[in-house]
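To start, the structure itself, in structure tokens.
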Protein chains: 4
Amino acid sequence: MYNLLKGKKGLIFGALNDKSLAWKVAERAFEEGAELVLTNTPVSLRFGTIDELAAKTNSIVVPADATNEKDLEQLIQKTMEHFGGKFDFILHSVAMSMNVRKGLKYDEVNYAYLQKTIDISAVSFHKVLQTAKKLDAINEWGSVIALSYVAAQRTLYGYNDMADAKAMLESIARSFGYIYGREKKIRVNTISQSPTLTTAGSGVKGIDGLMDFTDRMSPLGNASADEFADYCITLFSDLTKKVTMQNLFHDGGFSSMGMSLRAMNQYNQSLDNPIPAEDLI
Amino acid sequence: MYNLLKGKKGLIFGALNDKSLAWKVAERAFEEGAELVLTNTPVSLRFGTIDELAAKTNSIVVPADATNEKDLEQLIQKTMEHFGGKFDFILHSVAMSMNVRKGLKYDEVNYAYLQKTIDISAVSFHKVLQTAKKLDAINEWGSVIALSYVAAQRTLYGYNDMADAKAMLESIARSFGYIYGREKKIRVNTISQSPTLTTAGSGVKGIDGLMDFTDRMSPLGNASADEFADYCITLFSDLTKKVTMQNLFHDGGFSSMGMSLRAMNQYNQSLDNPIPAEDLI
Amino acid sequence: MYNLLKGKKGLIFGALNDKSLAWKVAERAFEEGAELVLTNTPVSLRFGTIDELAAKTNSIVVPADATNEKDLEQLIQKTMEHFGGKFDFILHSVAMSMNVRKGLKYDEVNYAYLQKTIDISAVSFHKVLQTAKKLDAINEWGSVIALSYVAAQRTLYGYNDMADAKAMLESIARSFGYIYGREKKIRVNTISQSPTLTTAGSGVKGIDGLMDFTDRMSPLGNASADEFADYCITLFSDLTKKVTMQNLFHDGGFSSMGMSLRAMNQYNQSLDNPIPAEDLI
Amino acid sequence: MYNLLKGKKGLIFGALNDKSLAWKVAERAFEEGAELVLTNTPVSLRFGTIDELAAKTNSIVVPADATNEKDLEQLIQKTMEHFGGKFDFILHSVAMSMNVRKGLKYDEVNYAYLQKTIDISAVSFHKVLQTAKKLDAINEWGSVIALSYVAAQRTLYGYNDMADAKAMLESIARSFGYIYGREKKIRVNTISQSPTLTTAGSGVKGIDGLMDFTDRMSPLGNASADEFADYCITLFSDLTKKVTMQNLFHDGGFSSMGMSLRAMNQYNQSLDNPIPAEDLI
């Protein structure tokens with residue numbers, strides 16, 4: 001609508017289907033004038049509907065496992081070939097926890113799964129950045145964003161080892177943001193988004209109650225996937241060149257709330273029927 | 001019990017009655033071997049029962065308005081006379097908001113009241129520090145603590161202009177902690193305590209529901225006034241000499257929680273009966 | 001350039017001359033299609049060159065003292081008259097400390113000056129918000145920004161009582177952001193900008209050395225006033241609707257740095273000639 | 001000296017030699033009345049002088065690789081056998097980065113090394129906690145501390161992948177602290193200590209210049225290993241029962257500083273001889 005990304009080229013990880021945050025970002029980036037390359041794991045490509053997105057956004061799809069350095073090297077090389085040179089932005093929206101999927105509690109995690117969580121959800125971001133830098137793939141004043149969540153900073157039951165992965169992800173954004181900034185003028189940030197009913201989000205236990213709570217806590221309500229996409233556009237644009245190494249909350253205010261009247265009133269409804277502490281953990 | 005404060009001398013602001021945090025601190029400091037001077041405003045002295053505390057802790061009471069520089073100067077001079085020289089620690093537990101008392105909402109505050117809130121609840125801390133430093137009243141490696149609340153960093157409905165005062169208070173602890181540290185080796189910190197049913201706390205609207213919520217959110221439950229006193233003892237002792245310019249959460253874990261299972265289960269009880277957003281703000 | 005603010009109307013506080021952050025914001029907002037009203041104190045209007053800016057941006061100037069509720073009421077009424085109704089955004093760039101100007105140290109502040117610092121630099125923001133809300137002056141999904149500085153969160157020598165004012169300012173953004181968000185869908189944020197050589201900034205003692213240091217610490221270098229204006233545009237636009245109650249660092253990465261190689265190398269140059277601790281505070 | 005840990009039993013990871021933070025903690029804990037079990041890897045046991053510490057503190061040494069679940073299980077079982085039951089506190093001071101040791105830059109890390117960094121420096125902490133909980137090894141109101149560093153939150157050049165490990169470590173303290181708190185009333189915290197000239201610390205490139213800088217930045221100067229030990233004692237004691245899920249800065253104020261006069265004056269010495277940006281990264 002504004003041509004904010006006119007002439008810019010970007011690589012987008014993690015669009016599975018039209019509920020995905022990455023999907024919305026791709027649509028909006030295309031609307032704003034960007035050319036795109038889309039990527040996801042081979043499994044996700046089969047399971048999802050990314051070809052539809054590629055058609056819509058006039059982009060190509062390159063399969064890659066974001067934990068595999070060789071795959072990433074090929075991905076970025078193909079991306080550069082497709083664009084005829086360097087590109088301008090990356091969205092990293094990649095996360096998975098087998099401990100969450102298998103319902104293992106945080107004090108009974110499987111450490112092979114934990115390692116996979118970290119590898120997929122945090123280290124993959126480092127690998128993307130290291131590979132891009134090695135191949136000198138991103139133009140000066142380029143912008144890289146990864147998707148985070150408030151659990152990186154405050155504990156939410158059930159989010160499990162993903163919280164630790166997101167904490168590490170935010171650290172990688174700072175650590176690599178320093179290097180990539182000083183050497184190539186490229187900014188690296190994370191966005192900490194409201195809980196969102198993506199395919200991944202839907203898998204989190206008790207997500208409905210949690211989303212009701214966060215919505216009542218947030219003065220502007222939960223942020224939607226469309227709004228997330230809008231926000232990403234600003235951070236890929238030339239208008240935010242000096243924002244780097246930040247974790248940016250996009251959550252209707254939730255992160256800065258201790259208790260809202262709306263959530264408290266709702267909570268108070270329950271107090272006629274208090275659950276004894278002994279019954280619960 | 002441990003003689004942690006043996007030989008130490010301290011000045012304690014804000015003990016009204018035996019529910020006061022400052023009262024508990026005085027009792028525990030005395031148990032740990034400290035000599036004390038107690039102070040409060042003339043009005044609070046009449047309204048409360050501080051003489052009982054003075055008798056128990058073998059200390060004197062010096063009336064002072066903490067917003068009045070002259071009063072503070074006399075207070076600190078008398079304290080030094082009583083002790084025969086410099087002393088070692090100060091507790092500042094002083095706060096008041098007429099906007100809260102009068103039930104004025106945060107978007108309809110009276111600015112004369114707001115100024116009073118800031119003056120009493122934040123600037124008074126600066127005045128105490130500036131006066132103490134001017135009179136060279138505190139020994140090297142002394143320790144100063146002021147009472148804060150998580151509302152300084154995250155918004156809780158109803159806490160009103162006190163949130164802004166506490167934010168400023170925490171800033172004063174940093175700003176003055178820098179000066180007092182570099183010049184006199186004195187540390188300055190704030191403790192951010194769980195909501196507590198003191199006389200002041202009881203006046204906060206909806207405190208019961210809030211305390212139920214924070215208790216269920218905090219893995220160790222709300223921190224009590226007795227536990228607050230224990231924590232203060234460690235921070236007045238010689239074992240924490242290099243902790244300064246910090247806001248220290250003493251809250252059973254609340255500040256690091258996004259959502260606990262216990263609070264969520266309780267909240268979910270209410271969802272059979274959701275309050276429409278339109279009905280509420 | 002992008003028409004990001006096409007159809008939007010805004011009120012801008014604090015443009016003194018063409019070095020002012022607010023001046024740059026006005027220019028950029030105009031370029032992006034916004035209509036503007038400019039305001040400053042009568043003294044600043046005489047001292048500065050705001051009429052030039054008004055001419056450039058086809059806007060009117062309304063004098064107002066931001067600490068005076070009556071003035072603010074008239075200002076907002078006139079602004080609404082000028083626009084023929086509600087408007088969409090506000091920039092608050094207002095700060096002053098007599099303690100800084102007079103060279104009074106932070107442990108020797110004049111409390112009448114301190115009150116003025118708080119009144120001008122923090123409370124004025126509350127007054128602007130309260131007046132705007134009372135007059136229902138801002139459209140739904142409007143955006144309000146105030147200018148902050150990292151000193152609100154970390155102590156920088158010489159910044160004095162302005163640090164405490166900025167801490168309070170950031171708290172007001174949260175506290176009022178909660179209310180204004182839940183009731184009117186209006187977002188309120190602060191931007192924490194790199195030190196900038198505005199007329200105000202130039203007055204800060206030792207600003208040159210500090211700016212050299214922050215520039216070497218920040219992987220992307222200090223953010224300029226022009227870049228600040230760009231960033232404001234995104235936050236006034238419809239693309240950031242769910243960002244609220246945040247303090248957003250716009251500083252080339254400084255806030256997330258502990259030590260850069262570039263600053264350390266520079267610092268190390270000095271270590272052949274270490275200054276003894278005794279000589280200095 | 002105070003009998004603060006009289007009757008308490010603890011397990012201490014990571015004492016290598018008398019420069020180690022863990023060594024100092026063991027000595028102080030013993031002085032305060034605690035009984036101890038010491039542990040380190042077989043290699044560290046050979047390389048260091050832990051037997052001397054065991055003799056001094058009347059404790060036993062149990063070798064264990066903290067990344068190995070079986071080892072940890074045996075360690076904790078032997079510890080419980082030695083103590084005749086549950087114990088009260090744990091210190092985790094375990095960290096290693098092959099990327100740092102080998103001088104690989106953060107944008108050229110070896111990912112096998114990175115995984116080892118995370119495994120040793122962060123996941124080992126989870127394994128200790130999970131094993132202790134499974135074996136129900138810690139008494140109610142027990143206390144667990146891990147050693148962190150400000151690099152977890154702000155980037156320091158050269159700290160490399162250890163920064164990401166420490167960020168994850170702090171997250172594990174929150175995540176597990178929630179579980180261990182709600183179920184067993186056990187608190188889990190990290191201490192973020194000043195840079196310290198331990199054997200590990202000495203290996204960090206440019207540590208001398210950095211320590212000069214942090215010392216001049218910190219109003220109370222860098223915190224020593226002895227002071228670290230004192231602080232740990234308070235956090236193991238019964239006086240801090242409601243402090244959990246926190247990262248506690250023990251750094252003379254460094255973490256809350258933006259710029260001190262002392263560091264700035266020193267830095268300014270170097271500005272006669274500015275290093276051009278082009279020469280350096």
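Scheme for the structure tokens: letters A, B, ... for chains in order shown; per-chain residue numbers from 1; ligand numbers from 1 in order shown.
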
Give chain A as a compact mmCIF listing (two decimals) with C-alpha atoms, in the first residue's frame once it has been least-squares superposed onto chain D over every C-alpha atom, paired in order.
```txt
# COMPACT_ATOMS: atom_id res chain seq x y z
CA MET A 1 31.13 -16.05 61.62
CA TYR A 2 27.36 -15.78 61.98
CA ASN A 3 26.35 -19.45 61.82
CA LEU A 4 24.05 -18.51 59.00
CA LEU A 5 24.28 -22.00 57.52
CA LYS A 6 24.41 -23.97 60.74
CA GLY A 7 22.82 -27.35 60.18
CA LYS A 8 22.67 -26.85 56.43
CA LYS A 9 24.21 -29.14 53.87
CA GLY A 10 25.27 -28.23 50.38
CA LEU A 11 26.69 -29.47 47.12
CA ILE A 12 29.20 -27.27 45.31
CA PHE A 13 30.10 -27.59 41.64
CA GLY A 14 33.12 -26.01 40.03
CA ALA A 15 35.89 -25.43 42.57
CA LEU A 16 39.14 -25.84 40.63
CA ASN A 17 41.70 -23.95 42.71
CA ASP A 18 41.84 -21.18 45.28
CA LYS A 19 41.03 -18.56 42.66
CA SER A 20 37.69 -20.20 41.86
CA LEU A 21 34.49 -18.53 42.92
CA ALA A 22 33.19 -21.94 44.00
CA TRP A 23 36.25 -22.45 46.19
CA LYS A 24 35.57 -19.23 48.06
CA VAL A 25 31.94 -20.14 48.47
CA ALA A 26 32.89 -23.51 49.93
CA GLU A 27 35.25 -21.88 52.42
CA ARG A 28 32.69 -19.33 53.52
CA ALA A 29 29.85 -21.86 53.68
CA PHE A 30 31.99 -24.03 55.90
CA GLU A 31 32.81 -21.06 58.14
CA GLU A 32 29.09 -20.39 58.42
CA GLY A 33 28.45 -23.90 59.66
CA ALA A 34 27.56 -25.83 56.52
CA GLU A 35 28.53 -29.37 55.67
CA LEU A 36 29.62 -29.80 52.09
CA VAL A 37 30.11 -32.17 49.21
CA LEU A 38 32.39 -30.91 46.45
CA THR A 39 32.30 -31.99 42.83
CA ASN A 40 34.02 -31.32 39.57
CA THR A 41 34.90 -33.23 36.41
CA PRO A 42 37.61 -35.87 36.67
CA VAL A 43 39.86 -33.71 34.47
CA SER A 44 39.40 -30.65 36.66
CA LEU A 45 40.08 -32.73 39.74
CA ARG A 46 43.47 -33.71 38.33
CA PHE A 47 44.25 -30.25 37.02
CA GLY A 48 43.23 -28.43 40.17
CA THR A 49 43.76 -28.67 43.91
CA ILE A 50 40.30 -29.50 45.21
CA ASP A 51 41.59 -32.04 47.76
CA GLU A 52 43.12 -29.18 49.67
CA LEU A 53 39.71 -27.54 49.84
CA ALA A 54 38.09 -30.79 50.92
CA ALA A 55 40.57 -31.10 53.74
CA LYS A 56 40.02 -27.51 54.85
CA THR A 57 36.26 -27.82 54.81
CA ASN A 58 36.00 -31.34 56.11
CA SER A 59 34.14 -32.41 53.02
CA ILE A 60 34.27 -35.16 50.43
CA VAL A 61 34.91 -34.89 46.73
CA VAL A 62 32.74 -36.77 44.26
CA PRO A 63 33.84 -36.64 40.62
CA ALA A 64 31.09 -36.05 38.10
CA ASP A 65 30.63 -34.74 34.61
CA ALA A 66 27.75 -32.28 34.97
CA THR A 67 26.62 -32.97 31.42
CA ASN A 68 26.15 -36.65 32.14
CA GLU A 69 22.84 -37.63 33.68
CA LYS A 70 24.18 -40.90 35.05
CA ASP A 71 27.08 -39.14 36.70
CA LEU A 72 24.71 -36.61 38.21
CA GLU A 73 22.44 -39.31 39.53
CA GLN A 74 25.34 -41.06 41.21
CA LEU A 75 26.68 -37.77 42.50
CA ILE A 76 23.43 -36.82 44.12
CA GLN A 77 22.88 -40.28 45.53
CA LYS A 78 26.37 -40.27 47.06
CA THR A 79 25.77 -36.79 48.37
CA MET A 80 22.57 -37.92 50.07
CA GLU A 81 24.32 -40.99 51.47
CA HIS A 82 27.11 -38.82 52.81
CA PHE A 83 24.66 -36.45 54.46
CA GLY A 84 22.30 -39.18 55.57
CA GLY A 85 19.40 -37.65 53.68
CA LYS A 86 18.34 -34.53 51.85
CA PHE A 87 20.45 -31.43 51.62
CA ASP A 88 19.78 -27.69 51.42
CA PHE A 89 21.70 -25.87 48.74
CA ILE A 90 23.59 -26.19 45.48
CA LEU A 91 26.07 -23.90 43.78
CA HIS A 92 26.45 -24.41 40.03
CA SER A 93 29.61 -22.73 38.73
CA VAL A 94 30.21 -24.62 35.51
CA ALA A 95 30.99 -23.09 32.13
CA MET A 96 33.22 -23.69 29.16
CA SER A 97 33.39 -22.62 25.54
CA MET A 98 35.67 -24.29 23.05
CA ASN A 99 34.88 -21.48 20.63
CA VAL A 100 36.40 -19.03 23.11
CA ARG A 101 39.33 -21.31 23.87
CA LYS A 102 40.12 -21.88 20.22
CA GLY A 103 39.73 -18.19 19.42
CA LEU A 104 36.93 -18.75 16.92
CA LYS A 105 34.94 -15.59 16.40
CA TYR A 106 31.24 -15.44 17.09
CA ASP A 107 30.44 -15.22 13.40
CA GLU A 108 32.65 -18.20 12.65
CA VAL A 109 31.72 -20.56 15.45
CA ASN A 110 32.04 -24.28 15.20
CA TYR A 111 28.57 -25.66 15.86
CA ALA A 112 29.79 -28.80 17.54
CA TYR A 113 31.64 -26.53 19.97
CA LEU A 114 28.58 -24.32 20.35
CA GLN A 115 26.51 -27.33 21.31
CA LYS A 116 29.14 -28.26 23.88
CA THR A 117 29.10 -24.70 25.26
CA ILE A 118 25.35 -24.89 25.74
CA ASP A 119 25.49 -28.40 27.11
CA ILE A 120 28.19 -27.64 29.66
CA SER A 121 27.28 -24.08 30.59
CA ALA A 122 23.48 -24.13 30.51
CA VAL A 123 21.88 -27.56 30.05
CA SER A 124 24.04 -29.01 32.83
CA PHE A 125 22.16 -26.72 35.21
CA HIS A 126 18.86 -28.16 34.07
CA LYS A 127 20.24 -31.66 34.48
CA VAL A 128 21.38 -30.93 38.02
CA LEU A 129 17.95 -29.57 38.89
CA GLN A 130 16.00 -32.35 37.17
CA THR A 131 18.13 -35.03 38.82
CA ALA A 132 17.87 -33.42 42.25
CA LYS A 133 14.11 -33.13 41.91
CA LYS A 134 13.69 -36.68 40.65
CA LEU A 135 15.66 -37.97 43.64
CA ASP A 136 13.84 -35.56 45.95
CA ALA A 137 17.25 -34.50 47.15
CA ILE A 138 16.68 -30.99 48.44
CA ASN A 139 14.86 -29.98 51.61
CA GLU A 140 11.94 -27.58 51.49
CA TRP A 141 13.09 -23.96 51.36
CA GLY A 142 16.37 -25.09 49.88
CA SER A 143 18.31 -22.73 47.61
CA VAL A 144 20.03 -23.25 44.28
CA ILE A 145 22.37 -20.70 42.71
CA ALA A 146 24.08 -20.65 39.33
CA LEU A 147 26.78 -18.24 38.24
CA SER A 148 25.88 -15.83 35.44
CA TYR A 149 27.37 -12.73 33.85
CA VAL A 150 25.99 -9.47 32.49
CA ALA A 151 26.79 -10.69 28.97
CA ALA A 152 23.58 -12.71 29.22
CA GLN A 153 21.75 -9.41 28.82
CA ARG A 154 24.18 -7.05 27.11
CA THR A 155 26.79 -7.92 24.51
CA LEU A 156 30.47 -7.77 25.40
CA TYR A 157 32.84 -8.40 22.50
CA GLY A 158 34.81 -11.59 22.90
CA TYR A 159 32.41 -13.28 25.28
CA ASN A 160 31.15 -15.15 22.27
CA ASP A 161 28.72 -18.07 22.56
CA MET A 162 29.07 -17.98 26.31
CA ALA A 163 26.68 -15.00 26.26
CA ASP A 164 23.98 -17.15 24.69
CA ALA A 165 24.68 -19.93 27.17
CA LYS A 166 24.34 -17.54 30.11
CA ALA A 167 21.08 -16.17 28.67
CA MET A 168 19.77 -19.70 28.53
CA LEU A 169 21.10 -20.41 32.02
CA GLU A 170 19.15 -17.46 33.42
CA SER A 171 16.06 -18.73 31.64
CA ILE A 172 16.51 -22.19 33.10
CA ALA A 173 16.69 -20.62 36.55
CA ARG A 174 13.31 -19.00 35.93
CA SER A 175 11.69 -21.99 34.23
CA PHE A 176 12.84 -24.56 36.78
CA GLY A 177 12.48 -22.11 39.62
CA TYR A 178 8.79 -21.96 38.85
CA ILE A 179 8.40 -25.75 39.00
CA TYR A 180 10.71 -26.33 41.94
CA GLY A 181 9.13 -23.49 43.83
CA ARG A 182 5.52 -24.50 43.41
CA GLU A 183 6.17 -28.18 44.17
CA LYS A 184 8.97 -28.23 46.70
CA LYS A 185 9.36 -24.64 47.96
CA ILE A 186 12.88 -24.52 46.58
CA ARG A 187 14.26 -21.28 45.20
CA VAL A 188 16.47 -21.00 42.13
CA ASN A 189 18.44 -17.89 41.24
CA THR A 190 21.47 -16.76 39.27
CA ILE A 191 24.07 -14.28 40.43
CA SER A 192 25.56 -12.03 37.79
CA GLN A 193 29.03 -11.34 39.09
CA SER A 194 31.64 -8.72 38.11
CA PRO A 195 34.39 -10.05 35.87
CA THR A 196 36.71 -11.91 38.21
CA LEU A 197 40.29 -13.09 37.72
CA THR A 198 39.60 -16.77 38.18
CA THR A 199 41.45 -19.31 36.09
CA ALA A 200 38.49 -19.26 33.70
CA GLY A 201 38.26 -15.47 33.69
CA SER A 202 41.95 -15.06 32.99
CA GLY A 203 41.43 -16.85 29.70
CA VAL A 204 39.10 -14.17 28.33
CA LYS A 205 40.89 -11.98 25.79
CA GLY A 206 41.40 -8.40 26.88
CA ILE A 207 40.20 -9.13 30.40
CA ASP A 208 42.59 -6.59 31.97
CA GLY A 209 41.32 -3.61 30.01
CA LEU A 210 37.76 -4.74 30.55
CA MET A 211 38.26 -5.10 34.29
CA ASP A 212 39.79 -1.64 34.46
CA PHE A 213 36.77 -0.27 32.64
CA THR A 214 34.18 -2.09 34.73
CA ASP A 215 36.00 -1.09 37.89
CA ARG A 216 35.91 2.58 36.94
CA MET A 217 32.30 2.26 35.84
CA SER A 218 31.15 0.62 39.07
CA PRO A 219 30.71 3.07 41.92
CA LEU A 220 31.78 0.41 44.41
CA GLY A 221 34.36 -1.17 42.11
CA ASN A 222 34.36 -4.72 40.84
CA ALA A 223 33.09 -7.36 43.26
CA SER A 224 35.74 -9.83 44.37
CA ALA A 225 35.49 -13.59 44.71
CA ASP A 226 35.39 -13.23 48.50
CA GLU A 227 32.50 -10.82 48.26
CA PHE A 228 30.75 -13.20 45.89
CA ALA A 229 31.05 -15.89 48.54
CA ASP A 230 29.56 -13.61 51.17
CA TYR A 231 26.62 -12.87 48.92
CA CYS A 232 26.00 -16.55 48.23
CA ILE A 233 25.84 -17.20 51.97
CA THR A 234 22.90 -14.82 52.31
CA LEU A 235 21.11 -16.51 49.43
CA PHE A 236 21.63 -19.99 50.90
CA SER A 237 20.44 -18.80 54.31
CA ASP A 238 16.89 -18.79 55.67
CA LEU A 239 16.75 -15.01 55.38
CA THR A 240 16.02 -14.94 51.65
CA LYS A 241 13.28 -17.54 51.36
CA LYS A 242 11.04 -15.62 49.00
CA VAL A 243 13.71 -14.57 46.50
CA THR A 244 13.40 -16.81 43.48
CA MET A 245 13.60 -16.84 39.67
CA GLN A 246 15.82 -13.79 39.84
CA ASN A 247 19.07 -12.83 38.25
CA LEU A 248 20.85 -10.86 40.96
CA PHE A 249 23.60 -8.46 40.00
CA HIS A 250 26.61 -8.53 42.29
CA ASP A 251 28.83 -6.07 40.52
CA GLY A 252 29.41 -2.89 42.48
CA GLY A 253 26.67 -1.20 40.47
CA PHE A 254 28.04 -1.82 36.96
CA SER A 255 24.79 -3.20 35.56
CA SER A 256 22.92 -0.01 36.41
CA MET A 257 25.54 2.35 34.98
CA GLY A 258 25.48 4.01 31.58
CA MET A 259 28.64 6.07 32.12
CA SER A 260 30.57 7.09 35.21
CA LEU A 261 32.68 10.21 35.52
CA ARG A 262 35.69 8.09 36.39
CA ALA A 263 35.44 5.90 33.28
CA MET A 264 34.65 8.89 31.09
CA ASN A 265 37.66 10.82 32.32
CA GLN A 266 39.86 7.84 31.64
CA TYR A 267 38.30 7.36 28.21
CA ASN A 268 38.74 11.02 27.39
CA GLN A 269 42.49 10.62 27.93
CA SER A 270 42.46 8.52 24.80
CA LEU A 271 40.71 11.03 22.59
CA ASP A 272 43.85 12.98 21.73
CA ASN A 273 44.58 9.85 19.85
CA PRO A 274 41.32 8.71 18.33
CA ILE A 275 41.31 5.46 16.43
CA PRO A 276 39.66 5.96 13.06
CA ALA A 277 36.54 3.87 12.66
CA GLU A 278 37.92 2.45 9.44
CA ASP A 279 40.87 0.89 11.20
CA LEU A 280 38.81 -1.12 13.52
CA ILE A 281 35.85 -3.21 14.00
```

Problem set entry | region 40-121 of chain C: residues DSSP assigns to helix (DSSP H, G or I), reported as a VMD selection string | chain C and resid 42 to 47 50 to 56 69 to 83 98 to 101 106 to 108 111 to 121
